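As structure tokens, the structure follows; a few thoughts come after it.
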Amino acid sequence: MSGDPTAAEFETLIRPHLDRLYRLAYRLTLTVADAQDLVQDVLVKLYPRRDELSSIDDLTPWLSRVLYNQFVQQTRRYRSQRFRVVLETDGDPMDSLAGPGEDPAEEALRSFDISEVRSALGRLSEDHRTVLLMHDAEGYKLQEIQIITGISVGTIKSRLHRARARLRELLTADGTFSGPNA
Amino acid sequence: MNAEHIDNQLDAYLDGELPEQERRNVFEHLHGCRQCHQTLADAKSLRARLANLPVEGPAPDFFAQALANAANQDRQAPMNRWATVIGGTIAAGMALLVVVGMLGRTPAPELTPELQGVTLALHESRTLNLVFSSAEALEGARLVVELPHGLELGAYPGEQRVRWKTSLQAGRNVLPLDLIAVAGNGGEIVAHLRHGDKSKTFRLRVNVTDATSFLIEEKPTPGQA
């Protein structure tokens with residue numbers, strides 16, 4: 001822990017929640033890099049609010065809500081930013097980014113089923129994917145999701161229902177799910 | 001109840017959201033309806049697959065580093081906010097083009113290309129064009145720009161870490177950054193470019209001088225990262 005008492009106080013408050021925050025960030029962003037970035041951004045925002053943090057009885061839903069709001073805010077920013085292309089490629093010997101580099105251990109963990117489910121999840125709308133992963137993958141209750149996202153329970157239920165139906169449809173279409181309509 | 005299938009109630013049934021009487025009705029229906037029973041089994045299977053989706057953990061020292069970064073950025077924040085007001089009043093300077101690197105086919109173990117130096121006058125606002133060259137279009141590329149103490153982006157005052165998600169097209173992609181030197185002696189601008197599981201980091205050294213005139217130093221562009 002840091003020798004700086006202020007930083008130590010912040011760490012004492014936040015540390016117990018970091019694993020859960022990271023898991024939520026990963027579910028929202030789907031990648032380690034983005035999840036780490038999201039958690040980092042949240043910690044930077046929270047650090048000046050140490051007094052407020054220490055006065056909150058149940059930090060878990062509060063922190064989750066801050067992280068979710070940060071995610072939504074950044075997603076909006078992402079959508080509004082575009083690179084400007086100034087020159088077309090002119091035959092310079094430029095390489096592509098594609099290539100090896102995956103961690104072999106990580107690759108070994110990726111079973112066919114997991115990759116197919118992830119692929120299908122990636123094709124859901126962000127609204128549907130978010131509530132589906134929070135509820136069915138992370139086990140958040142409907143009321144907890146309501147607190148974190150500010151979305152009504154009725155809307156969450158509706159999104160969950162449609163998200164599951166769409167996911168079944170996608171997995172059935174690619175042959176990895178043998179539903180009644182397969 | 002057997003005459004009609006109950007697909008639309010199965011989610012609520014599995015979530016434990018049904019009132020007792022309705023739950024009992026669904027339970028009885030499931031015993032007499034093979035199709036709904038199969039639908040329920042599929043729904044359970046789907047939930048199990050989602051519940052078993054692994055979460056890839058962060059880097060081993062990520063939490064400690066992230067906490068330290070939060071504390072460090074907070075120490076710098078008050079001066080940045082103050083200086084932004086001053087920096088914002090300075091007219092924009094000429095554009096400066098800096099090619100920070102190319103995307104290589106193989107992940108280079110040395111992710112930092114040769115540093116290029118840029119010198120700005122204190123409170124000077126200039127456009128710095130970061131240029132990323134790519135041989136092919138890249139959908140969903142992510143860029144994180146980390147700024148040293150004393151440097152800010154005009155559009156994001158007070159933020160030392162700004163992220164974008166965008167698509168790169170084949171050729172040269174330019175990201176104009178309105179850079180303001182608001183305090184300090186400069187430092188390194190670090191840009192992390194990521195696509196899928198690949199990433200590259202580029203560093204650009206910026207010196208800030210307490211003078212009204214400034215000197216631009218441009219070293220030859222590195223051929224490849």
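By order of appearance in the structure tokens: chains A, B, ..., then residues from 1 within every chain, and ligands from 1 in the order shown.
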Taking 6 positions as the minimum chain separation for residues in the same chain, which residues sit within 9 Å of Gln74 in chain A when counting only C-alpha atoms? Answer as an MDAnalysis selection string. (chainID A and resid 38) or (chainID B and resid 163:164)
May I ask for the distance between CA of Lys45 in chain A and CA of Pro5 in chain A, given in Å to one decimal place? 18.6 Å
Choose the residue, out of A:Glu116, A:Asp136, A:Asp127, A:Asp4, that has the smallest atom-to-atom separation from chain B; count only C-alpha atoms.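 That would be A:Asp136, the residue with the smallest distance to chain B.
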Between A:Gln143, A:Arg164, A:Arg50, A:Gln40, single out the one closest to Ala120 in chain A, counting only C-alpha atoms. A:Arg164
Contacts of Ser158 in chain A at 12 Å (only C-alpha atoms; same-chain gap of 2+ positions) as JSON, numbers by chain: {"A": [127, 128, 131, 132, 142, 151, 152, 153, 154, 155, 156, 160, 161, 162, 163, 164, 165], "B": [8, 9, 11, 12]}
With only C-alpha atoms as the basis for distance, which of B:Asn173, B:Ala155, B:Asp74, B:Leu50 is at the shortest distance from Ala135 in chain B? B:Asn173
Between B:Leu18, B:Leu147, B:Ile6, B:Leu175, which is the closest to chain A once you count only C-alpha atoms? B:Leu175
